[in-house]
>>> print(open('work-v6.pdb').read())   # PDB, C-alpha atoms, pLDDT in the B column
ATOM      1  CA  MET G   1     119.774 123.141  95.103  1.00 54.00           C
ATOM      2  CA  LEU G   2     123.208 123.767  93.660  1.00 55.00           C
ATOM      3  CA  ASN G   3     121.938 123.029  90.162  1.00 62.00           C
ATOM      4  CA  GLU G   4     119.218 125.645  90.563  1.00 64.00           C
ATOM      5  CA  ARG G   5     121.790 128.276  91.550  1.00 63.00           C
ATOM      6  CA  LEU G   6     123.905 127.482  88.502  1.00 67.00           C
ATOM      7  CA  TYR G   7     120.948 128.381  86.246  1.00 69.00           C
ATOM      8  CA  ILE G   8     120.230 131.683  88.028  1.00 77.00           C
ATOM      9  CA  ILE G   9     123.812 133.014  87.920  1.00 75.00           C
ATOM     10  CA  PRO G  10     123.913 133.498  84.095  1.00 75.00           C
ATOM     11  CA  PHE G  11     120.635 135.432  84.223  1.00 76.00           C
ATOM     12  CA  ILE G  12     121.919 137.717  86.964  1.00 78.00           C
ATOM     13  CA  MET G  13     125.220 138.298  85.136  1.00 78.00           C
ATOM     14  CA  THR G  14     123.384 139.099  81.883  1.00 79.00           C
ATOM     15  CA  ALA G  15     121.113 141.592  83.671  1.00 76.00           C
ATOM     16  CA  ILE G  16     124.108 143.316  85.297  1.00 77.00           C
ATOM     17  CA  MET G  17     126.000 143.577  81.986  1.00 73.00           C
ATOM     18  CA  LEU G  18     122.944 144.939  80.136  1.00 71.00           C
ATOM     19  CA  SER G  19     122.368 147.574  82.794  1.00 71.00           C
ATOM     20  CA  MET G  20     126.026 148.692  82.555  1.00 69.00           C
ATOM     21  CA  VAL G  21     125.963 148.883  78.749  1.00 67.00           C
ATOM     22  CA  SER G  22     122.599 150.619  78.416  1.00 64.00           C
ATOM     23  CA  CYS G  23     123.486 153.598  80.616  1.00 58.00           C
ATOM     24  CA  GLN G  24     126.701 154.756  78.953  1.00 59.00           C
ATOM     25  CA  ARG G  25     125.334 157.704  76.970  1.00 63.00           C
ATOM     26  CA  PRO G  26     122.871 160.332  78.160  1.00 65.00           C
ATOM     27  CA  ALA G  27     119.735 160.788  76.094  1.00 65.00           C
ATOM     28  CA  SER G  28     119.674 163.824  73.793  1.00 67.00           C
ATOM     29  CA  PRO G  29     116.845 165.343  71.784  1.00 67.00           C
ATOM     30  CA  ARG G  30     116.797 164.690  68.068  1.00 63.00           C
ATOM     31  CA  GLU G  31     117.321 167.476  65.585  1.00 65.00           C
ATOM     32  CA  TYR G  32     114.366 169.012  63.759  1.00 63.00           C
ATOM     33  CA  GLY G  33     113.596 167.521  60.380  1.00 62.00           C
ATOM     34  CA  TYR G  34     111.657 168.694  57.359  1.00 59.00           C
ATOM     35  CA  TYR G  35     108.662 166.971  55.879  1.00 60.00           C
ATOM     36  CA  ARG G  36     109.061 165.214  52.570  1.00 64.00           C
ATOM     37  CA  ILE G  37     107.732 167.284  49.698  1.00 69.00           C
ATOM     38  CA  THR G  38     106.243 165.375  46.778  1.00 74.00           C
ATOM     39  CA  ILE G  39     105.694 167.756  43.889  1.00 80.00           C
ATOM     40  CA  PRO G  40     102.913 166.657  41.518  1.00 80.00           C
ATOM     41  CA  PRO G  41     103.357 167.138  37.762  1.00 86.00           C
ATOM     42  CA  ALA G  42     101.980 170.358  36.289  1.00 87.00           C
ATOM     43  CA  SER G  43      98.445 169.942  34.948  1.00 92.00           C
ATOM     44  CA  TYR G  44      95.878 172.710  34.425  1.00 95.00           C
ATOM     45  CA  SER G  45      92.223 173.216  33.542  1.00 94.00           C
ATOM     46  CA  LEU G  46      89.852 176.145  33.161  1.00 94.00           C
ATOM     47  CA  PRO G  47      87.420 176.198  36.112  1.00 91.00           C
ATOM     48  CA  THR G  48      83.797 177.173  35.708  1.00 87.00           C
ATOM     49  CA  TRP G  49      82.883 179.977  38.062  1.00 85.00           C
ATOM     50  CA  HIS G  50      81.110 183.306  37.892  1.00 87.00           C
ATOM     51  CA  GLU G  51      83.970 185.592  38.891  1.00 91.00           C
ATOM     52  CA  PRO G  52      84.871 188.707  36.854  1.00 93.00           C
ATOM     53  CA  TYR G  53      88.031 186.931  35.669  1.00 95.00           C
ATOM     54  CA  ARG G  54      89.229 183.492  34.657  1.00 95.00           C
ATOM     55  CA  PHE G  55      92.540 181.672  34.431  1.00 97.00           C
ATOM     56  CA  LEU G  56      94.000 178.191  34.219  1.00 96.00           C
ATOM     57  CA  LEU G  57      94.026 176.497  37.626  1.00 96.00           C
ATOM     58  CA  SER G  58      96.255 173.621  38.715  1.00 95.00           C
ATOM     59  CA  ASP G  59      94.442 170.289  38.815  1.00 95.00           C
ATOM     60  CA  TYR G  60      96.099 169.700  42.213  1.00 93.00           C
ATOM     61  CA  ALA G  61      94.538 172.780  43.792  1.00 95.00           C
ATOM     62  CA  TYR G  62      91.038 173.807  44.716  1.00 95.00           C
ATOM     63  CA  VAL G  63      89.407 177.186  45.257  1.00 95.00           C
ATOM     64  CA  GLN G  64      87.942 178.236  48.575  1.00 94.00           C
ATOM     65  CA  PRO G  65      85.836 181.406  48.265  1.00 91.00           C
ATOM     66  CA  VAL G  66      86.491 184.131  50.834  1.00 90.00           C
ATOM     67  CA  ASN G  67      83.496 186.152  51.990  1.00 86.00           C
ATOM     68  CA  GLN G  68      84.272 189.887  51.966  1.00 79.00           C
ATOM     69  CA  GLY G  69      80.774 191.244  52.421  1.00 78.00           C
ATOM     70  CA  ASP G  70      79.557 192.899  49.234  1.00 79.00           C
ATOM     71  CA  GLU G  71      82.894 192.439  47.401  1.00 83.00           C
ATOM     72  CA  GLN G  72      83.078 189.469  45.081  1.00 87.00           C
ATOM     73  CA  GLY G  73      86.009 187.602  43.586  1.00 89.00           C
ATOM     74  CA  TRP G  74      88.047 186.948  46.749  1.00 93.00           C
ATOM     75  CA  MET G  75      89.395 183.411  47.078  1.00 95.00           C
ATOM     76  CA  THR G  76      92.180 181.210  48.336  1.00 96.00           C
ATOM     77  CA  ILE G  77      93.698 178.692  45.939  1.00 96.00           C
ATOM     78  CA  ILE G  78      94.668 175.785  48.203  1.00 96.00           C
ATOM     79  CA  TYR G  79      97.327 173.173  47.406  1.00 94.00           C
ATOM     80  CA  PRO G  80      96.670 170.443  50.001  1.00 91.00           C
ATOM     81  CA  ALA G  81      99.557 168.182  48.913  1.00 87.00           C
ATOM     82  CA  ILE G  82     102.195 170.860  49.548  1.00 87.00           C
ATOM     83  CA  HIS G  83     100.466 172.764  52.388  1.00 87.00           C
ATOM     84  CA  ALA G  84     100.389 176.063  50.511  1.00 92.00           C
ATOM     85  CA  GLY G  85      97.889 178.570  49.210  1.00 95.00           C
ATOM     86  CA  ILE G  86      97.529 181.680  47.096  1.00 97.00           C
ATOM     87  CA  HIS G  87      95.386 184.336  48.769  1.00 97.00           C
ATOM     88  CA  CYS G  88      93.628 186.298  46.020  1.00 96.00           C
ATOM     89  CA  SER G  89      91.681 189.527  46.273  1.00 96.00           C
ATOM     90  CA  TYR G  90      89.704 191.418  43.663  1.00 96.00           C
ATOM     91  CA  LYS G  91      88.745 195.083  43.627  1.00 95.00           C
ATOM     92  CA  VAL G  92      86.737 197.138  41.187  1.00 94.00           C
ATOM     93  CA  VAL G  93      88.786 200.113  40.017  1.00 96.00           C
ATOM     94  CA  ASN G  94      86.856 203.278  40.715  1.00 94.00           C
ATOM     95  CA  GLY G  95      89.355 206.029  39.963  1.00 93.00           C
ATOM     96  CA  ASN G  96      91.640 204.539  42.627  1.00 96.00           C
ATOM     97  CA  LEU G  97      94.077 202.470  40.543  1.00 96.00           C
ATOM     98  CA  ARG G  98      97.104 204.386  41.822  1.00 96.00           C
ATOM     99  CA  GLN G  99      96.061 203.725  45.451  1.00 97.00           C
ATOM    100  CA  LEU G 100      95.460 200.000  44.767  1.00 97.00           C
ATOM    101  CA  ILE G 101      98.914 199.656  43.184  1.00 97.00           C
ATOM    102  CA  GLU G 102     100.543 201.539  46.073  1.00 97.00           C
ATOM    103  CA  ASP G 103      98.756 199.313  48.587  1.00 96.00           C
ATOM    104  CA  ALA G 104      99.964 196.175  46.772  1.00 96.00           C
ATOM    105  CA  HIS G 105     103.489 197.599  46.631  1.00 95.00           C
ATOM    106  CA  GLU G 106     103.431 198.396  50.376  1.00 96.00           C
ATOM    107  CA  LEU G 107     102.219 194.892  51.221  1.00 94.00           C
ATOM    108  CA  VAL G 108     105.125 193.414  49.272  1.00 95.00           C
ATOM    109  CA  TYR G 109     107.744 195.710  50.745  1.00 93.00           C
ATOM    110  CA  SER G 110     106.490 195.162  54.292  1.00 91.00           C
ATOM    111  CA  HIS G 111     108.501 191.906  54.005  1.00 87.00           C
ATOM    112  CA  THR G 112     111.844 193.726  53.616  1.00 85.00           C
ATOM    113  CA  ILE G 113     112.689 192.836  57.212  1.00 87.00           C
ATOM    114  CA  LYS G 114     113.216 189.205  56.138  1.00 85.00           C
ATOM    115  CA  ALA G 115     113.700 189.519  52.365  1.00 88.00           C
ATOM    116  CA  ASN G 116     117.222 189.544  50.933  1.00 90.00           C
ATOM    117  CA  ALA G 117     115.994 190.919  47.594  1.00 92.00           C
ATOM    118  CA  ILE G 118     112.681 191.610  45.854  1.00 94.00           C
ATOM    119  CA  PRO G 119     113.009 191.370  42.060  1.00 95.00           C
ATOM    120  CA  GLU G 120     110.022 192.753  40.133  1.00 96.00           C
ATOM    121  CA  HIS G 121     108.883 191.375  36.766  1.00 96.00           C
ATOM    122  CA  GLU G 122     106.411 193.392  34.706  1.00 97.00           C
ATOM    123  CA  TYR G 123     103.761 191.654  32.615  1.00 96.00           C
ATOM    124  CA  PHE G 124     101.879 193.050  29.596  1.00 95.00           C
ATOM    125  CA  ASN G 125      99.196 191.302  27.560  1.00 95.00           C
ATOM    126  CA  ALA G 126      97.597 193.954  25.354  1.00 94.00           C
ATOM    127  CA  GLU G 127      95.329 191.410  23.612  1.00 94.00           C
ATOM    128  CA  HIS G 128      93.490 190.577  26.868  1.00 95.00           C
ATOM    129  CA  HIS G 129      94.154 193.944  28.581  1.00 96.00           C
ATOM    130  CA  VAL G 130      96.074 192.333  31.434  1.00 97.00           C
ATOM    131  CA  TYR G 131      99.008 194.223  32.943  1.00 97.00           C
ATOM    132  CA  GLY G 132     100.793 193.599  36.181  1.00 97.00           C
ATOM    133  CA  VAL G 133     103.857 192.967  38.284  1.00 97.00           C
ATOM    134  CA  LEU G 134     105.207 189.731  39.776  1.00 97.00           C
ATOM    135  CA  TYR G 135     107.332 190.079  42.929  1.00 97.00           C
ATOM    136  CA  GLU G 136     109.741 187.330  44.011  1.00 95.00           C
ATOM    137  CA  LEU G 137     110.703 187.757  47.652  1.00 93.00           C
ATOM    138  CA  LYS G 138     114.086 186.114  48.232  1.00 91.00           C
ATOM    139  CA  GLY G 139     114.922 184.921  51.744  1.00 87.00           C
ATOM    140  CA  ASN G 140     112.891 183.520  54.622  1.00 86.00           C
ATOM    141  CA  THR G 141     109.775 185.605  54.055  1.00 87.00           C
ATOM    142  CA  ALA G 142     106.218 184.674  54.996  1.00 85.00           C
ATOM    143  CA  SER G 143     105.100 185.202  51.389  1.00 90.00           C
ATOM    144  CA  PRO G 144     107.742 184.266  48.783  1.00 93.00           C
ATOM    145  CA  ILE G 145     105.702 185.328  45.713  1.00 96.00           C
ATOM    146  CA  GLN G 146     103.192 188.138  45.258  1.00 97.00           C
ATOM    147  CA  PHE G 147     101.627 189.719  42.186  1.00 98.00           C
ATOM    148  CA  TYR G 148      98.906 191.996  40.935  1.00 98.00           C
ATOM    149  CA  LEU G 149      97.050 192.231  37.626  1.00 98.00           C
ATOM    150  CA  THR G 150      94.849 195.005  36.266  1.00 97.00           C
ATOM    151  CA  ASP G 151      93.243 196.257  33.071  1.00 96.00           C
ATOM    152  CA  SER G 152      93.999 199.829  34.247  1.00 93.00           C
ATOM    153  CA  VAL G 153      90.327 200.817  34.016  1.00 95.00           C
ATOM    154  CA  HIS G 154      87.877 198.463  35.759  1.00 96.00           C
ATOM    155  CA  HIS G 155      89.611 195.519  37.466  1.00 97.00           C
ATOM    156  CA  PHE G 156      92.386 194.895  40.003  1.00 97.00           C
ATOM    157  CA  PHE G 157      93.428 191.363  41.077  1.00 97.00           C
ATOM    158  CA  ARG G 158      96.107 190.645  43.670  1.00 97.00           C
ATOM    159  CA  GLY G 159      97.667 187.373  44.851  1.00 97.00           C
ATOM    160  CA  ALA G 160     100.087 186.349  47.604  1.00 97.00           C
ATOM    161  CA  VAL G 161     101.576 182.905  48.225  1.00 95.00           C
ATOM    162  CA  TYR G 162     101.714 181.520  51.747  1.00 93.00           C
ATOM    163  CA  VAL G 163     103.171 178.167  52.825  1.00 88.00           C
ATOM    164  CA  ASP G 164     101.799 176.568  55.982  1.00 83.00           C
ATOM    165  CA  CYS G 165     105.081 176.172  57.898  1.00 78.00           C
ATOM    166  CA  ILE G 166     107.970 178.187  59.312  1.00 73.00           C
ATOM    167  CA  PRO G 167     109.638 179.983  56.367  1.00 66.00           C
ATOM    168  CA  ASN G 168     112.907 178.325  55.397  1.00 72.00           C
ATOM    169  CA  GLN G 169     113.850 179.031  51.808  1.00 69.00           C
ATOM    170  CA  ASP G 170     116.324 176.162  51.576  1.00 68.00           C
ATOM    171  CA  SER G 171     113.809 173.446  52.414  1.00 75.00           C
ATOM    172  CA  LEU G 172     110.855 175.155  50.681  1.00 82.00           C
ATOM    173  CA  GLN G 173     112.579 175.885  47.366  1.00 84.00           C
ATOM    174  CA  PRO G 174     110.879 172.976  45.505  1.00 85.00           C
ATOM    175  CA  VAL G 175     107.466 174.243  46.672  1.00 87.00           C
ATOM    176  CA  ILE G 176     108.310 177.841  45.760  1.00 90.00           C
ATOM    177  CA  ASP G 177     109.501 176.770  42.296  1.00 91.00           C
ATOM    178  CA  TYR G 178     106.306 174.754  41.743  1.00 92.00           C
ATOM    179  CA  LEU G 179     104.091 177.655  42.826  1.00 94.00           C
ATOM    180  CA  HIS G 180     106.122 180.067  40.689  1.00 95.00           C
ATOM    181  CA  LEU G 181     105.323 177.949  37.617  1.00 95.00           C
ATOM    182  CA  ASP G 182     101.622 177.852  38.577  1.00 95.00           C
ATOM    183  CA  ILE G 183     101.511 181.626  39.056  1.00 96.00           C
ATOM    184  CA  LEU G 184     103.186 182.203  35.697  1.00 96.00           C
ATOM    185  CA  THR G 185     100.535 179.948  34.124  1.00 96.00           C
ATOM    186  CA  LEU G 186      97.815 181.850  35.992  1.00 96.00           C
ATOM    187  CA  ILE G 187      99.149 185.216  34.792  1.00 96.00           C
ATOM    188  CA  GLU G 188      99.674 184.143  31.185  1.00 96.00           C
ATOM    189  CA  SER G 189      96.167 182.624  30.934  1.00 96.00           C
ATOM    190  CA  PHE G 190      94.400 185.422  32.854  1.00 97.00           C
ATOM    191  CA  GLU G 191      91.401 187.085  31.164  1.00 95.00           C
ATOM    192  CA  TRP G 192      88.805 189.585  32.347  1.00 95.00           C
ATOM    193  CA  ARG G 193      85.129 188.822  31.847  1.00 85.00           C
TER     194      ARG G 193
END
>>> encode(input="work-v6.pdb", output="structure tokens")
Amino acid sequence: MLNERLYIIPFIMTAIMLSMVSCQRPASPREYGYYRITIPPASYSLPTWHEPYRFLLSDYAYVQPVNQGDEQGWMTIIYPAIHAGIHCSYKVVNGNLRQLIEDAHELVYSHTIKANAIPEHEYFNAEHHVYGVLYELKGNTASPIQFYLTDSVHHFFRGAVYVDCIPNQDSLQPVIDYLHLDILTLIESFEWR
């Protein structure tokens, strides 16, 4: 009987010591983290569609058409690997170019609540009759890049970038830089049909 008690005592002592050591620090929630962003290399191709425009599209994106009733040419360019998209709209200019430009400008500057700065970059391609403005919204805005393109007579195309997460410019900068390069490629290759 005494031998049996000698074997039980070390187990009891170990259990007591473990219970004293394990309860020294209260549990605390972990800090929020950011998902890992893997940026694919830039690669582009010319899609085949029947829209009134065409441009080089990233091979890592796909187009999801947006139904706007009788209006054609609306789409979202989706980047599944980086959880982002470019919402694109198309309007036929019908003597309302000034109003379309003002609307695009108002949509950009509605982000001034969160934007630290909004640099504008004008674009002119006389050969293809493509003119426009690229807006870079600095700060924690919902849409860090917006742009519009027009031929000043018949066509008006507008795009806005949205990332599917809470805006945090520090952690999203690689995504924003990648999308900026894709939008520059889109603008420089843009042609009306």
>>> resolve_selection(input="work-v6.pdb", expression="the PyMOL selection byres ((chain G and resi 157-166) around 6)", output="list in words")
His83, Ala84, Gly85, Ile86, His87, Cys88, Ser89, Tyr90, Ser143, Ile145, Gln146, Phe147, Tyr148, Leu149, Phe156 and Pro167 of chain G
>>> closest_residue(input="work-v6.pdb", among="G:Pro144, G:Ser152, G:Ile101, G:Ile77", to="Pro47 of chain G", atoms="all atoms listed in the file")
G:Ile77
>>> atom_distance(input="work-v6.pdb", atom1="atom CA of Gly139 of chain G", atom2="atom CA of Tyr62 of chain G")
27.3 Å
>>> resolve_selection(input="work-v6.pdb", expression="the PyMOL selection byres ((chain G and resi 94) around 12)", output="number ranges by chain")
G: 91-93, 95-100, 152-156
>>> atom_distance(input="work-v6.pdb", atom1="atom CA of Asp182 of chain G", atom2="atom CA of Pro40 of chain G")
11.6 Å
>>> residues_around(input="work-v6.pdb", residues="segment 110-114 of chain G", least_positions_apart="6", cutoff="9 Å", atoms="all atoms listed in the file", output="list in words")
Leu137, Lys138, Gly139, Asn140, Thr141, Ala142 and Ser143 of chain G
>>> atom_distance(input="work-v6.pdb", atom1="atom CA of Ser58 of chain G", atom2="atom CA of Thr185 of chain G")
8.9 Å
>>> closest_residue(input="work-v6.pdb", among="G:Trp74, G:His121, G:Ala115, G:Met13", to="Tyr53 of chain G", atoms="all atoms listed in the file")
G:Trp74
>>> residues_around(input="work-v6.pdb", residues="Glu127 of chain G", least_positions_apart="3", cutoff="10 Å", atoms="all atoms listed in the file", output="list in words")
Phe124, Val130 and Glu191 of chain G
>>> closest_residue(input="work-v6.pdb", among="G:Glu106, G:Met17, G:Ile187, G:Glu136", to="Ile118 of chain G", atoms="all atoms listed in the file")
G:Glu136
>>> resolve_selection(input="work-v6.pdb", expression="the PyMOL selection byres ((chain G and resi 46) around 10)", output="PyMOL selection string")
chain G and resi 44-45+47-49+54-59+189
>>> write_last_selection(input="work-v6.pdb", atoms="C-alpha atoms", output="compact mmCIF listing (two decimals), keeping the file's coordinate frame")
# COMPACT_ATOMS: atom_id res chain seq x y z
CA TYR G 44 95.88 172.71 34.42
CA SER G 45 92.22 173.22 33.54
CA PRO G 47 87.42 176.20 36.11
CA THR G 48 83.80 177.17 35.71
CA TRP G 49 82.88 179.98 38.06
CA ARG G 54 89.23 183.49 34.66
CA PHE G 55 92.54 181.67 34.43
CA LEU G 56 94.00 178.19 34.22
CA LEU G 57 94.03 176.50 37.63
CA SER G 58 96.26 173.62 38.72
CA ASP G 59 94.44 170.29 38.82
CA SER G 189 96.17 182.62 30.93
>>> closest_residue(input="work-v6.pdb", among="G:Gln64, G:Ile82, G:Glu71, G:Asn116", to="Asp177 of chain G", atoms="all atoms listed in the file")
G:Ile82
